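Here is the structure we will look at.
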Amino acid sequence: MIGDRVAVVGAGMTKFVRRAQETPKELAWEAAHLALRSCEMTIDDIDAIVIGTAPDAFDGVHMKSEYLSDGCGAWGKPVIRGYVGGGTGVFAAIQGWYHVASGLFDTVLVVCEEKMSSCRPHPQAAFLTIFDHTTERPLKPNLLWIFALEMNAYMNRYGLSKRDIATVSVKNKRNAADHPAAMLGDPDITVEDVLNSPVLAWPVQRLDVSPVTDGAVALVMSANHVARRVTDRPVWVEGVGWNLDTAYWTNRDLAYPVYVEEAARMAYDMAGISEPRKQIHIAEPYDPFDYKELHHLEGLMLFDRGEAPRAAADGVTQRDGDLPVCPSGGLLGVGNPIAAAGLMKVAEIFWQLRGEAGARQVPGNPKRGLAQAWGDLMQVGTVVVLGV
Amino acid sequence: MIRDVAIVGAGWSGFRSITPELSHKELMYDAAVRAYEDAGVDPRRDIDTFVTVGEDYHEGISIFDEYVPDQLGAVQRPVQSIAGEGIQGLAAAVMQILTGRFDIAVVEGHSKASNILTLPYILAFAMDPVFNRPLGVHPYAIAGMEMLRYLAETATTPEECAAVVAKNRSNALFNPLAGHGASISIDDVLTAEPIAEPLSRLECAGHSDGSVVFVLAAGETARVLSDHPIWIRGVGWANDTFWLESRPWGDARYARAAGEMAFRTAGIKSPAKEIDFAEIDDTFAYKELQHLEALGFCSRGSAGEWTLEGGTALGGEFPVNPSGGALGEGHLLDATGLARVLEVVLQLRGQAGQRQIDAAEVGLAFGWRGVPTTAGAAVVLSN
Amino acid sequence: MDEFVYDSVYLSSRDLREGRVLFETWQPNAQYAWDAGVAISRYLQEFKAGKLIGRSCPECSRVLVPPRMFCESCFCPTDDWVTLEDTGTVLTFSRCTITWDLVQLEEPQMPAVIEIDGASPGMGIMHMLGEVDPEALAIGMRVRAVWKPADERTGSVTDIAYFKPLKE
């Protein structure tokens, strides 16, 4: 039915590891298998498949979703791969939402997979070709440059120090110590560790950056009438938003992610949220670099521009703070298999809102949470608001 | 479907073997401007959501959708890409409108095939890296094996496959968009050098550059925008297994499943009776026959004879690929299915010129992702 | 949720080195010759001539660099070529001490986004900085292009070797 509500009813994931023995297809299967088991479904209950996966260059297969399709349970079923770079993971859940909300399907399986370790000598090779082939690639840019350029612009605009930003990395890696899938959980890491880590591309240092990771995550999403039958704790999709800015990134104001704001406005409008700071209880913004969490919290209008670092320093974003941020441990702690990392954030909100997050459970019975991802040439924002 | 959705604007550019004067952005801009003019919409104001279709290795860009918003008027708007067949992209736009949260959507697909210097190697890169790639076989051999099995299972003849080429390239002579029109005899096709026996060179579609853009609108908006909306009655898409080791080589099961979904959503009980003509993937000549049968327009094994007898010709009882298909227009990579849709739209609007089909009221477009995939997508359109 | 995390198999470098697991390797053969198009072809031609140019939009009056045949903001054709200065202001910069595959560099590379004089505010291009103490770099620094000798220019953005501080 038009306007019918869509729920997340199941979630599963692989461990996030530096180098998995599994093929990409096998990783996809492991996550899909557990997502189905989590809601006591079989593949026969699934009407359509949504695949999310980032550049083909990682796994080293052209038209990667065709290769992955068997592992995602797509044999004999409708399957489409959506793709918005780093924003893909959260976008896959948006795509799952519109498959169901269209009325064409009752239940869809959303699978995101990335096997970055396949790409040699380093997965960064996949990013050498994200730059404009004529006006930028001749300069031989590497991916870290654009993050360093953006981070520097952000720090300069608001007079921030590296110490202000390093607290994010510390928080997330500590949070990840409680995540059973995490790759870089560390309960003992300190701000000094981050500040003393090797400089890669100033101001970016090694511990400011999320790791290269293999992994997969899957969700089951259902229409209202199915969701109520299969679970007594459905988690509803209350709002979705996405937005893509210009490709001319050197013409943009790098200190503020306006595309994240636009995506958030779209999602808040759909969810009927007028005061996000009061109405969002828990957030999983995209954190491939520590400054990005702060940048995105501001774009999501959860903090004023330039104010997120102070809130982080004051403990507001800790798991027991007023607005827990990345209680999962985020990409910095759990790991960053690009598309799978984004969907992991949606899964974390699902588990948190159901009270199933175990040692990571935030206090106070949160009722509404948000997951956000970001990607392309620092250019796309994707936002999902979930609620119970 | 639960909400009416129509195509209210169509635009295209290129459709030639090379387009050296334009960058891919400029090629897409030309198609987009035409589509928006056709629909009477201002993209900066009126369009709610954009879908673009492509693949990184066809663009030579990791995360190609970085470079799409500017030339579509889509900067700081909802934009997503579909790494898939063009009609899957159309389906994504349709689904978004069906949610009731979007009224006007745009779908775009494009090809700069001429810019890819190593296309067969790119295709080989799509094969299973552990099981199939090490064998070092040209991916068109998959088509050869499939064709052989299809001929054996259905008693279809090489002459009947060759008749598809003669028909489609001849149709293309009446299509000013098509770059591969030619008068070719069945004998020419049969005596052309083999690519992967029994598949000959002339049975494989060449490539073209081009861009196709459609503006879609929900029913009430479509009636306001257009005097002649083309209604999207149903959509369907499906995959068979990707394993070469266990797929059905003679039968296009993905086309059957995609067609069944499209007919179900369109409320069509008997496609052969209720649909007047079709634009069907003909990347390889035998594929048109195999797809026609799988979609239920004729019984299994009869499409070849039907073609040879002229039943699917321009003046036949059920014209197939009046545009010339991919054999006549050139294969537009991920936009090929959208080129099929474009012809259906032009025919239904009565804008097909010399190749206009009489009393064209309901048409079907079907796209396939090509070897080594088993992915197909179908859409039923009507006046 | 612990039971819904699959215990995937983690490999160490040693597992690969010592052949304890098997793998296939493949070097993709992906080569392209991209049509630069109307706007960028002219942009590169002017590089060869030692000049930077942009395009202006008749509706919003912005002067755009890199040049483009349409304005992405107004969605209309741009209408005129505008010769720009080869000087500008550093909007942001980095000191990069590693290569893309994580090999340490002796001398840092200094990429920057440089707002070009004569283009509209915020219109930057990415290029490199040189002839400057890396520690002396600052946002807002004024810089000038250092062109390669005319006979070494090929019609590429690398016809500018780098930008160096401008002494005003």
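Chains: A, B, ... in order of the structure tokens. Residues: from 1 per chain. Ligands: from 1, in order shown.
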Residues of chain B no more than 6 Å from chain C, counting only C-alpha atoms: send them over as a PyMOL selection string.
chain B and resi 20-23+70+73+115-118+121
Output file for the selection above: C-alpha atoms, as a tab-separated table (two decimals), in the first residue's frame:
```tsv
chain	number	residue	atom	x	y	z
B	20	PRO	CA	34.97	12.75	-30.49
B	21	GLU	CA	33.68	16.32	-30.36
B	22	LEU	CA	31.93	15.88	-27.02
B	23	SER	CA	33.00	14.77	-23.57
B	70	ASP	CA	26.28	18.69	-13.13
B	73	GLY	CA	20.85	19.71	-13.53
B	115	ASN	CA	36.66	5.66	-25.44
B	116	ILE	CA	37.32	2.13	-24.15
B	117	LEU	CA	40.37	0.77	-25.91
B	118	THR	CA	40.23	-2.70	-24.38
B	121	TYR	CA	39.35	-7.38	-21.71
```
For chain C versus chain A, which residues have an atom no more than 7 Å away, and what is each residue's nearest atom pair and distance in Å rounded to one decimal, using only C-alpha atoms, chain-then-number order, as JSON lines?
```
{"residue": "C:Met1", "atom": "CA", "partner": "A:Glu356", "partner_atom": "CA", "distance": 5.9}
{"residue": "C:Asp2", "atom": "CA", "partner": "A:Pro180", "partner_atom": "CA", "distance": 6.3}
{"residue": "C:Phe4", "atom": "CA", "partner": "A:Gly12", "partner_atom": "CA", "distance": 4.9}
{"residue": "C:Val5", "atom": "CA", "partner": "A:Met13", "partner_atom": "CA", "distance": 5.0}
{"residue": "C:Tyr6", "atom": "CA", "partner": "A:Thr14", "partner_atom": "CA", "distance": 4.4}
{"residue": "C:Asp7", "atom": "CA", "partner": "A:Lys15", "partner_atom": "CA", "distance": 5.9}
{"residue": "C:Ser8", "atom": "CA", "partner": "A:Lys15", "partner_atom": "CA", "distance": 5.6}
{"residue": "C:Val9", "atom": "CA", "partner": "A:Gln21", "partner_atom": "CA", "distance": 5.5}
{"residue": "C:Tyr10", "atom": "CA", "partner": "A:Ala20", "partner_atom": "CA", "distance": 4.8}
{"residue": "C:Leu11", "atom": "CA", "partner": "A:Arg19", "partner_atom": "CA", "distance": 5.4}
{"residue": "C:Ala36", "atom": "CA", "partner": "A:Thr134", "partner_atom": "CA", "distance": 7.0}
{"residue": "C:Thr92", "atom": "CA", "partner": "A:Ala153", "partner_atom": "CA", "distance": 5.5}
{"residue": "C:Phe93", "atom": "CA", "partner": "A:Leu149", "partner_atom": "CA", "distance": 5.2}
{"residue": "C:Ser94", "atom": "CA", "partner": "A:Trp202", "partner_atom": "CA", "distance": 5.4}
{"residue": "C:Arg95", "atom": "CA", "partner": "A:Trp202", "partner_atom": "CA", "distance": 5.0}
{"residue": "C:Cys96", "atom": "CA", "partner": "A:Ala201", "partner_atom": "CA", "distance": 3.7}
{"residue": "C:Thr97", "atom": "CA", "partner": "A:Leu200", "partner_atom": "CA", "distance": 5.5}
{"residue": "C:Ile98", "atom": "CA", "partner": "A:Leu200", "partner_atom": "CA", "distance": 5.8}
{"residue": "C:Trp100", "atom": "CA", "partner": "A:Asn142", "partner_atom": "CA", "distance": 5.3}
{"residue": "C:Asp101", "atom": "CA", "partner": "A:His122", "partner_atom": "CA", "distance": 5.5}
{"residue": "C:Pro111", "atom": "CA", "partner": "A:Trp145", "partner_atom": "CA", "distance": 6.9}
{"residue": "C:Ala112", "atom": "CA", "partner": "A:Leu149", "partner_atom": "CA", "distance": 7.0}
{"residue": "C:Val113", "atom": "CA", "partner": "A:Thr250", "partner_atom": "CA", "distance": 6.2}
{"residue": "C:Gly122", "atom": "CA", "partner": "A:Asn251", "partner_atom": "CA", "distance": 5.5}
{"residue": "C:Met123", "atom": "CA", "partner": "A:Asn251", "partner_atom": "CA", "distance": 4.5}
{"residue": "C:Gly124", "atom": "CA", "partner": "A:Thr250", "partner_atom": "CA", "distance": 5.0}
{"residue": "C:Ile125", "atom": "CA", "partner": "A:Thr250", "partner_atom": "CA", "distance": 5.4}
{"residue": "C:Met126", "atom": "CA", "partner": "A:Thr250", "partner_atom": "CA", "distance": 6.5}
{"residue": "C:Val157", "atom": "CA", "partner": "A:Thr135", "partner_atom": "CA", "distance": 6.1}
{"residue": "C:Thr158", "atom": "CA", "partner": "A:Pro138", "partner_atom": "CA", "distance": 6.6}
```
Only C-alpha atoms, please: the residues just picked out, written as an mmCIF file, in the first residue's frame.
```
data_model
loop_
_atom_site.group_PDB
_atom_site.id
_atom_site.type_symbol
_atom_site.label_atom_id
_atom_site.label_comp_id
_atom_site.auth_asym_id
_atom_site.auth_seq_id
_atom_site.Cartn_x
_atom_site.Cartn_y
_atom_site.Cartn_z
ATOM 1 C CA MET C 1 23.353 -9.823 18.486
ATOM 2 C CA ASP C 2 26.582 -11.757 18.920
ATOM 3 C CA PHE C 4 24.412 -12.896 14.167
ATOM 4 C CA VAL C 5 28.092 -12.175 13.541
ATOM 5 C CA TYR C 6 29.636 -14.814 11.266
ATOM 6 C CA ASP C 7 33.022 -16.083 12.368
ATOM 7 C CA SER C 8 34.789 -15.278 9.072
ATOM 8 C CA VAL C 9 38.273 -16.671 8.506
ATOM 9 C CA TYR C 10 41.067 -14.172 9.040
ATOM 10 C CA LEU C 11 44.317 -14.621 7.106
ATOM 11 C CA ALA C 36 38.063 15.782 -23.479
ATOM 12 C CA THR C 92 43.527 24.578 1.599
ATOM 13 C CA PHE C 93 46.659 22.435 1.369
ATOM 14 C CA SER C 94 48.339 19.283 2.663
ATOM 15 C CA ARG C 95 51.854 17.985 3.210
ATOM 16 C CA CYS C 96 51.701 14.417 1.996
ATOM 17 C CA THR C 97 54.575 12.207 3.100
ATOM 18 C CA ILE C 98 53.514 8.895 1.592
ATOM 19 C CA TRP C 100 49.299 5.952 -2.541
ATOM 20 C CA ASP C 101 50.690 2.504 -1.710
ATOM 21 C CA PRO C 111 48.822 19.481 -3.055
ATOM 22 C CA ALA C 112 46.505 22.459 -2.663
ATOM 23 C CA VAL C 113 43.213 23.884 -3.839
ATOM 24 C CA GLY C 122 35.605 29.901 -4.318
ATOM 25 C CA MET C 123 36.528 28.762 -7.848
ATOM 26 C CA GLY C 124 39.599 26.684 -7.177
ATOM 27 C CA ILE C 125 41.616 24.071 -9.015
ATOM 28 C CA MET C 126 43.769 21.370 -7.507
ATOM 29 C CA VAL C 157 47.515 20.495 -16.478
ATOM 30 C CA THR C 158 51.094 19.500 -15.771
#
```
Please produce, as a Markdown table, a per-residue contact table for chain B versus chain A (criterion: any atom at most 8 Å away, only C-alpha atoms considered), showing the nearest atom pair and its distance in Å to one decimal, sorted by chain then residue number.
```
| residue | atom | partner | partner_atom | distance |
| --- | --- | --- | --- | --- |
| B:Met1 | CA | A:Leu104 | CA | 7.7 |
| B:Ile2 | CA | A:Gly103 | CA | 7.2 |
| B:Glu55 | CA | A:Met63 | CA | 6.8 |
| B:Asp56 | CA | A:Asp56 | CA | 7.1 |
| B:Tyr57 | CA | A:His62 | CA | 6.5 |
| B:Gly60 | CA | A:Thr129 | CA | 7.3 |
| B:Ile61 | CA | A:Thr129 | CA | 5.3 |
| B:Ser62 | CA | A:Ile130 | CA | 4.8 |
| B:Ile63 | CA | A:Gly85 | CA | 5.4 |
| B:Phe64 | CA | A:Ile130 | CA | 7.6 |
| B:Asp65 | CA | A:Val84 | CA | 6.7 |
| B:Glu66 | CA | A:Asp376 | CA | 5.4 |
| B:Tyr67 | CA | A:Ala247 | CA | 5.3 |
| B:Val68 | CA | A:Ala247 | CA | 7.5 |
| B:Pro69 | CA | A:Thr246 | CA | 6.2 |
| B:Asp70 | CA | A:Thr246 | CA | 5.8 |
| B:Ala74 | CA | A:Leu244 | CA | 7.6 |
| B:Val75 | CA | A:Asp245 | CA | 4.9 |
| B:Gln76 | CA | A:Asp245 | CA | 4.4 |
| B:Arg77 | CA | A:Asn243 | CA | 4.9 |
| B:Pro78 | CA | A:Asn243 | CA | 4.2 |
| B:Val79 | CA | A:Leu244 | CA | 5.8 |
| B:Gln80 | CA | A:Val84 | CA | 6.0 |
| B:Ser81 | CA | A:Tyr83 | CA | 5.2 |
| B:Ile82 | CA | A:Gly82 | CA | 4.6 |
| B:Ala83 | CA | A:Arg81 | CA | 5.6 |
| B:Gly84 | CA | A:Arg81 | CA | 6.6 |
| B:Gln88 | CA | A:Ile80 | CA | 6.8 |
| B:Met95 | CA | A:Ser102 | CA | 5.1 |
| B:Gln96 | CA | A:Tyr98 | CA | 5.9 |
| B:Ile97 | CA | A:Ser102 | CA | 7.6 |
| B:Leu98 | CA | A:Ser102 | CA | 4.6 |
| B:Thr99 | CA | A:Ser102 | CA | 4.4 |
| B:Gly100 | CA | A:Ile2 | CA | 6.3 |
| B:Ile122 | CA | A:His62 | CA | 7.0 |
| B:Leu123 | CA | A:His62 | CA | 7.2 |
| B:Phe125 | CA | A:His62 | CA | 5.4 |
| B:Ala126 | CA | A:His62 | CA | 4.2 |
| B:Met127 | CA | A:Val61 | CA | 7.1 |
| B:Asp128 | CA | A:Tyr67 | CA | 6.6 |
| B:Pro129 | CA | A:Val61 | CA | 7.2 |
| B:Gly236 | CA | A:Pro78 | CA | 7.5 |
| B:Trp237 | CA | A:Pro78 | CA | 5.1 |
| B:Ala238 | CA | A:Pro78 | CA | 3.9 |
| B:Asn239 | CA | A:Gly76 | CA | 5.3 |
| B:Asp240 | CA | A:Gly76 | CA | 4.8 |
| B:Thr241 | CA | A:Trp75 | CA | 5.1 |
| B:Phe242 | CA | A:Tyr67 | CA | 6.1 |
| B:Trp243 | CA | A:Asp70 | CA | 7.9 |
| B:Tyr254 | CA | A:Gly76 | CA | 6.9 |
| B:Ala257 | CA | A:Gly76 | CA | 7.3 |
| B:Ala258 | CA | A:Pro78 | CA | 7.6 |
| B:Thr265 | CA | A:Leu104 | CA | 8.0 |
| B:Thr373 | CA | A:Glu66 | CA | 6.3 |
| B:Thr374 | CA | A:Glu66 | CA | 7.9 |
| B:Ala375 | CA | A:Glu66 | CA | 7.7 |
```
Using only C-alpha atoms, which residues sit within 8 Å of Phe47 of chain C once same-chain residues fewer than 3 positions away are excluded, as a tab-separated table (two decimals) with N, CA and C atoms, in the first residue's frame?
```tsv
chain	number	residue	atom	x	y	z
C	43	TYR	N	40.64	24.46	-22.73
C	43	TYR	CA	41.36	24.70	-21.46
C	43	TYR	C	42.80	24.18	-21.58
C	44	LEU	N	42.95	22.97	-22.12
C	44	LEU	CA	44.28	22.36	-22.23
C	44	LEU	C	45.11	23.06	-23.31
C	50	GLY	N	50.37	28.83	-22.12
C	50	GLY	CA	50.79	29.49	-20.88
C	50	GLY	C	49.70	30.35	-20.26
C	51	LYS	N	48.44	29.99	-20.52
C	51	LYS	CA	47.34	30.80	-19.99
C	51	LYS	C	46.29	29.93	-19.31
C	52	LEU	N	45.63	30.50	-18.31
C	52	LEU	CA	44.48	29.84	-17.68
C	52	LEU	C	43.22	30.55	-18.16
C	153	ARG	N	55.78	22.09	-22.99
C	153	ARG	CA	54.35	21.99	-22.66
C	153	ARG	C	53.64	21.09	-23.66
C	155	GLY	N	49.99	20.55	-23.43
C	155	GLY	CA	48.54	20.66	-23.38
C	155	GLY	C	47.97	19.79	-22.30
C	156	SER	N	48.57	19.89	-21.11
C	156	SER	CA	48.12	19.11	-19.95
C	156	SER	C	48.19	20.03	-18.74
C	157	VAL	N	47.46	19.68	-17.69
C	157	VAL	CA	47.51	20.50	-16.48
C	157	VAL	C	48.92	20.50	-15.89
C	159	ASP	N	51.46	21.25	-17.47
C	159	ASP	CA	52.24	22.33	-18.08
C	159	ASP	C	52.56	23.41	-17.04
C	160	ILE	N	51.76	23.48	-16.00
C	160	ILE	CA	52.16	24.24	-14.81
C	160	ILE	C	52.91	23.25	-13.93
```
How far is it from atom CA of Met344 of chain A to atom CA of Val9 of chain A, in Å with one decimal?
14.5 Å
